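Listing of upload-v2.cif, mmCIF, C-alpha atoms
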data_coords
#
loop_
_atom_site.label_atom_id
_atom_site.label_comp_id
_atom_site.auth_asym_id
_atom_site.auth_seq_id
_atom_site.Cartn_x
_atom_site.Cartn_y
_atom_site.Cartn_z
CA LYS A 424 -143.34 -13.13 91.60
CA VAL A 425 -143.46 -16.80 92.58
CA ASP A 426 -142.92 -17.78 96.22
CA THR A 427 -143.36 -21.54 96.00
CA ILE A 428 -143.37 -24.18 93.28
CA THR A 429 -144.45 -27.67 94.15
CA THR A 430 -145.95 -30.75 92.58
CA PRO A 431 -149.50 -31.77 93.55
CA ASP A 432 -148.33 -34.37 96.05
CA GLY A 433 -145.14 -32.56 97.12
CA THR A 434 -142.80 -34.99 95.38
CA GLY A 435 -141.25 -35.39 91.95
CA ASN A 436 -139.24 -33.15 89.66
CA ILE A 437 -139.95 -29.67 88.41
CA SER A 438 -138.51 -28.64 85.05
CA VAL A 439 -138.02 -25.12 83.69
CA ASP A 440 -137.34 -24.17 80.09
CA ARG A 441 -135.20 -21.11 80.91
CA PRO A 442 -131.98 -20.84 83.00
CA LEU A 443 -132.43 -19.85 86.62
CA SER A 444 -130.26 -16.88 87.59
CA GLY A 445 -129.47 -14.96 90.73
CA SER A 446 -126.93 -14.87 93.56
CA GLY A 447 -127.97 -18.23 95.00
CA ALA A 448 -128.03 -16.69 98.49
CA GLY A 449 -131.47 -18.15 99.13
CA LEU A 450 -130.45 -21.74 98.40
CA THR A 451 -130.15 -23.50 101.73
CA SER A 452 -130.30 -27.03 103.11
CA LEU A 453 -129.45 -28.64 99.78
CA PRO A 454 -128.85 -32.39 100.36
CA ALA A 455 -125.41 -33.33 99.05
CA ALA A 456 -126.69 -36.66 97.74
CA ASN A 457 -128.93 -34.83 95.28
CA LEU A 458 -126.19 -32.59 93.86
CA THR A 459 -124.80 -34.33 90.78
CA GLY A 460 -122.81 -33.40 87.70
CA ALA A 461 -119.36 -32.01 87.08
CA LEU A 462 -118.13 -28.90 88.86
CA PRO A 463 -116.75 -26.05 86.74
CA ALA A 464 -113.02 -25.31 86.89
CA ILE A 465 -112.15 -23.73 90.25
CA SER A 466 -109.07 -21.63 90.89
CA GLY A 467 -107.18 -22.66 94.02
CA ALA A 468 -106.78 -18.96 94.80
CA SER A 469 -110.54 -18.79 95.40
CA LEU A 470 -110.54 -21.51 98.07
CA THR A 471 -110.53 -20.19 101.62
CA GLY A 472 -110.85 -21.76 105.04
CA MET A 473 -108.95 -24.87 103.98
CA ALA A 474 -107.01 -26.88 106.57
CA GLY A 475 -103.33 -25.95 106.83
CA GLY A 476 -100.43 -28.14 105.74
CA ALA A 477 -100.12 -29.86 102.37
CA TRP A 478 -97.74 -31.46 99.91
CA ASN A 479 -97.80 -29.13 96.91
CA VAL A 480 -96.53 -30.37 93.54
CA ILE A 481 -93.75 -28.15 92.22
CA SER A 482 -92.69 -30.24 89.24
CA SER A 483 -93.32 -33.74 87.87
CA THR A 484 -91.59 -35.47 84.95
CA ASN A 485 -92.34 -38.86 83.38
CA ILE A 486 -89.24 -40.24 81.67
CA THR A 487 -89.92 -42.55 78.73
CA SER A 488 -86.57 -42.42 76.91
CA SER A 489 -82.89 -42.26 77.84
CA THR A 490 -82.21 -39.23 80.05
CA ALA A 491 -78.82 -38.38 81.53
CA SER A 492 -80.11 -37.01 84.84
CA MET A 493 -83.15 -35.66 86.64
CA GLU A 494 -82.43 -32.10 87.75
CA PHE A 495 -84.70 -29.75 89.68
CA THR A 496 -83.28 -26.23 89.49
CA SER A 497 -86.38 -24.09 90.05
CA GLY A 498 -89.09 -23.99 92.70
CA ILE A 499 -86.77 -24.70 95.66
CA ASP A 500 -86.75 -21.42 97.52
CA ALA A 501 -87.88 -19.75 100.75
CA THR A 502 -91.53 -20.71 100.07
CA TYR A 503 -91.00 -23.94 102.02
CA ARG A 504 -88.53 -25.12 104.64
CA THR A 505 -88.98 -28.81 103.74
CA TYR A 506 -89.17 -30.51 100.33
CA ALA A 507 -89.71 -34.06 99.09
CA LEU A 508 -88.47 -35.77 95.93
CA GLN A 509 -90.27 -39.01 95.01
CA TRP A 510 -89.60 -41.43 92.16
CA GLU A 511 -91.21 -44.66 90.95
CA GLY A 512 -90.73 -47.19 88.16
CA VAL A 513 -87.14 -46.02 87.62
CA THR A 514 -84.85 -48.17 85.47
CA SER A 515 -81.41 -47.71 83.95
CA THR A 516 -79.89 -48.10 80.50
CA SER A 517 -76.99 -49.94 82.18
CA SER A 518 -77.15 -53.30 83.92
CA ILE A 519 -75.25 -52.57 87.15
CA VAL A 520 -75.36 -49.05 88.53
CA GLN A 521 -75.90 -46.97 91.63
CA GLY A 522 -78.35 -44.12 92.16
CA VAL A 523 -76.65 -40.92 93.27
CA VAL A 524 -77.94 -37.56 94.49
CA THR A 525 -76.25 -34.19 94.83
CA VAL A 526 -77.58 -30.79 95.86
CA GLY A 527 -76.36 -27.26 95.27
CA ASP A 528 -76.95 -23.54 95.30
CA SER A 529 -76.94 -20.74 92.75
CA GLY A 530 -73.35 -21.63 91.90
CA GLY A 531 -74.36 -25.08 90.65
CA PHE A 532 -74.48 -28.66 91.88
CA GLN A 533 -71.85 -29.43 94.48
CA GLN A 534 -69.75 -32.59 94.26
CA ALA A 535 -66.29 -32.81 95.83
CA SER A 536 -64.45 -34.96 98.33
CA GLY A 537 -65.91 -34.73 101.82
CA TYR A 538 -68.87 -32.52 100.91
CA TYR A 539 -71.47 -34.93 102.35
CA ALA A 540 -71.58 -36.80 105.65
CA VAL A 541 -73.53 -40.02 105.02
CA SER A 542 -74.99 -42.66 107.36
CA ALA A 543 -76.97 -45.49 105.74
CA ARG A 544 -77.92 -49.16 105.76
CA TYR A 545 -78.28 -51.18 102.55
CA ASN A 546 -80.19 -54.50 102.63
CA TYR A 547 -81.23 -57.17 100.13
CA THR A 548 -83.61 -60.14 100.27
CA SER A 549 -83.12 -61.85 103.64
CA THR A 550 -79.69 -60.37 104.36
CA ALA A 551 -79.37 -57.23 106.43
CA GLY A 552 -76.47 -55.07 105.38
CA SER A 553 -74.05 -53.51 107.80
CA PRO A 554 -74.38 -49.81 108.58
CA GLN A 555 -72.14 -47.69 106.39
CA GLY A 556 -71.06 -44.13 106.82
CA GLY A 557 -68.42 -41.51 106.31
CA ASP A 558 -67.71 -38.45 104.24
CA SER A 559 -68.38 -38.64 100.52
CA ASP A 560 -68.38 -36.57 97.34
CA VAL A 561 -71.97 -37.67 96.54
CA ILE A 562 -74.98 -39.22 98.27
CA ASP A 563 -75.04 -42.92 97.33
CA LEU A 564 -78.61 -44.23 97.58
CA HIS A 565 -77.82 -47.92 96.97
CA GLY A 566 -74.48 -48.77 98.51
CA SER A 567 -73.26 -51.94 96.79
CA TYR A 568 -76.74 -53.10 95.74
CA TYR A 569 -77.89 -52.08 92.33
CA SER A 570 -80.89 -50.90 90.43
CA THR A 571 -80.70 -52.30 86.89
CA SER A 572 -82.34 -52.48 83.51
CA VAL A 573 -82.88 -56.27 83.77
CA SER A 574 -86.46 -57.19 82.82
CA GLY A 575 -88.83 -56.54 85.70
CA SER A 576 -86.33 -54.69 87.87
CA ASN A 577 -87.06 -51.13 88.90
CA GLN A 578 -86.95 -48.95 91.96
CA SER A 579 -88.96 -46.36 93.85
CA GLY A 580 -88.00 -44.07 96.65
CA GLU A 581 -88.27 -40.78 98.44
CA ILE A 582 -85.94 -38.15 99.79
CA ILE A 583 -87.10 -35.59 102.33
CA PHE A 584 -84.74 -32.64 102.53
CA THR A 585 -84.57 -29.35 104.38
CA ARG A 586 -83.72 -25.89 103.16
CA PRO A 587 -82.67 -23.99 106.28
CA ILE A 588 -83.04 -20.23 105.92
CA ASP A 589 -81.23 -19.21 109.10
CA GLY A 590 -77.91 -19.00 107.28
CA ALA A 591 -76.17 -21.28 109.76
CA SER A 592 -77.81 -24.74 109.67
CA PHE A 593 -76.67 -27.49 107.30
CA PRO A 594 -79.22 -29.01 104.85
CA ILE A 595 -80.34 -32.52 105.89
CA LEU A 596 -81.52 -35.26 103.50
CA ARG A 597 -83.12 -38.55 104.57
CA TRP A 598 -84.27 -41.29 102.21
CA TYR A 599 -85.87 -44.67 101.73
CA VAL A 600 -85.36 -46.66 98.51
CA ALA A 601 -86.83 -50.03 97.49
CA GLY A 602 -86.50 -52.10 94.35
CA PHE A 603 -85.62 -55.34 92.55
CA ASN A 604 -82.03 -55.79 91.45
CA HIS A 605 -79.91 -57.60 88.86
CA SER A 606 -79.66 -60.71 91.08
CA SER A 607 -83.47 -61.05 91.30
CA GLN A 608 -83.43 -59.84 94.88
CA ALA A 609 -85.50 -57.29 96.71
CA PHE A 610 -83.35 -54.51 98.08
CA ASN A 611 -83.86 -51.42 100.19
CA SER A 612 -81.81 -48.69 101.70
CA VAL A 613 -82.43 -46.09 104.37
CA GLY A 614 -80.10 -43.28 105.15
CA THR A 615 -79.30 -39.74 106.10
CA ALA A 616 -76.91 -37.28 104.53
CA ILE A 617 -75.78 -33.82 105.58
CA ARG A 618 -74.38 -31.21 103.20
CA LYS A 619 -71.54 -29.99 105.37
CA SER A 620 -71.99 -26.33 104.58
CA ALA A 621 -74.72 -23.78 105.31
CA ILE A 622 -75.58 -23.31 101.65
CA THR A 623 -78.71 -21.65 100.30
CA LEU A 624 -79.91 -24.91 98.76
CA ASP A 625 -81.94 -24.31 95.59
CA ARG A 626 -81.44 -27.47 93.49
CA ILE A 627 -81.26 -31.27 93.63
CA LYS A 628 -80.05 -33.80 91.04
CA TRP A 629 -80.71 -37.55 90.71
CA ILE A 630 -78.36 -39.49 88.45
CA TYR A 631 -77.01 -43.00 87.88
CA SER A 632 -73.30 -43.66 88.48
CA SER A 633 -73.07 -44.82 84.85
CA GLY A 634 -75.48 -44.97 81.95
CA ASN A 635 -78.74 -43.03 81.83
CA ILE A 636 -82.20 -43.14 83.35
CA ALA A 637 -84.37 -45.22 80.99
CA THR A 638 -87.83 -44.83 82.55
CA GLY A 639 -89.50 -43.49 85.66
CA ARG A 640 -91.49 -40.62 87.14
CA PHE A 641 -89.92 -38.00 89.38
CA THR A 642 -92.02 -35.52 91.38
CA LEU A 643 -90.84 -32.65 93.55
CA TYR A 644 -93.10 -31.43 96.38
CA GLY A 645 -92.96 -28.45 98.68
CA ILE A 646 -94.27 -29.34 102.15
CA ALA A 647 -96.35 -26.59 103.73
CA HIS A 648 -96.55 -26.57 107.52
CA ALA A 649 -99.57 -24.28 107.81
#

In structure tokens, how does this file's structure come out?
Amino acid sequence: KVDTITTPDGTGNISVDRPLSGSGAGLTSLPAANLTGALPAISGASLTGMAGGAWNVISSTNITSSTASMEFTSGIDATYRTYALQWEGVTSTSSIVQGVVTVGDSGGFQQASGYYAVSARYNYTSTAGSPQGGDSDVIDLHGSYYSTSVSGSNQSGEIIFTRPIDGASFPILRWYVAGFNHSSQAFNSVGTAIRKSAITLDRIKWIYSSGNIATGRFTLYGIAHA
């Protein structure tokens, strides 16, 4: 049995030629600055006492070739009440288009006249656009200002949306979009949309009004409140 190992002057390193084993219960007061090297893989299920609330990645897709639409049809359920869809570096195969979003339930994506109540403002460069609103068959993210495939143009944005589970409340979506358009102008839009029905929302789709998505990353998050 060895109680203490030290160097003659109490400093320096001590090397052993066999692995040290045991529970580690006696290791205390280890200075963090002296702990180096890579940690082994750790399962998130083993982490306890962590602070509540987090954005948890449900799905992420990096588009590198022509894709008709970006659809998320799994992972939106009663686990979370609030979700976020983010995208960046998105371009189109067409030169003048609009980004459009629809949501739906187990019956499919829902697009029909008057399904969505929309209130938004679309701006570009130094000109502030007028507020726009009304009922619509889809959620128009861009208004009359376009995201295009012109060299250098792209867009990024985020939609936060709710999935009410009380059976009576309407799903709410709110967004911010920014980009560079076909007229070499910065543009942005902010808005809110309501699906005018108390659906059990379980899917969301992002699509261009014409042409396909050429590039971009889309990530869906579930937002935990505790």

- Interatomic distance between atom CA of Trp629 of chain A and atom CA of Ile562 of chain A?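 Separation between atom CA of Trp629 of chain A and atom CA of Ile562 of chain A: 9.6 Å.
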
- Item | One-decimal distance in Å that lies between atom CA of Val541 of chain A and atom CA of Ala501 of chain A |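 Straight-line distance from atom CA of Ala501 of chain A to atom CA of Val541 of chain A works out to 25.2 Å.
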
- Task: Using only C-alpha atoms, pick whichever of A:Gln533, A:Asn604, A:Ser574, A:Asn457 has the shortest atom-to-atom distance to Ser620 of chain A.
- Result: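 Once distances to Ser620 of chain A are computed over only C-alpha atoms, the minimum belongs to A:Gln533.
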
- Skip Ser497 of chain A itself and residues of its chain fewer than 5 positions away, then list as a count of residues only all residues within 9 Å of it, counting all atoms listed in the file. 4

- Explicit residues for the PyMOL selection byres ((chain A and resi 592) around 12) (as an NGL selection string): :A and (504 or 585-591 or 593-595 or 617-624)

- Task: Could you expand the PyMOL selection byres ((chain A and resi 536) around 9) into the explicit residues it covers here, written as a list of chain:residue names?
- Result: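 On the file shown, the PyMOL selection byres ((chain A and resi 536) around 9) covers A:Gln534, A:Ala535, A:Gly537, A:Tyr538, A:Tyr539, A:Asp558, A:Ser559, A:Asp560, A:Val561.
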
- Skip Tyr569 of chain A itself and residues of its chain fewer than 5 positions away, then list as a list in words all residues within 9 Å of it, counting all atoms listed in the file. Ser518, Ile519, Val520, Gln521, Gly522, Gly602, Phe603, Asn604, His605, Ser606 and Phe610 of chain A

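Atom pair atom CA of Gly556 of chain A / atom CA of Gly580 of chain A has a distance of 19.8 Å (rounded to one decimal).
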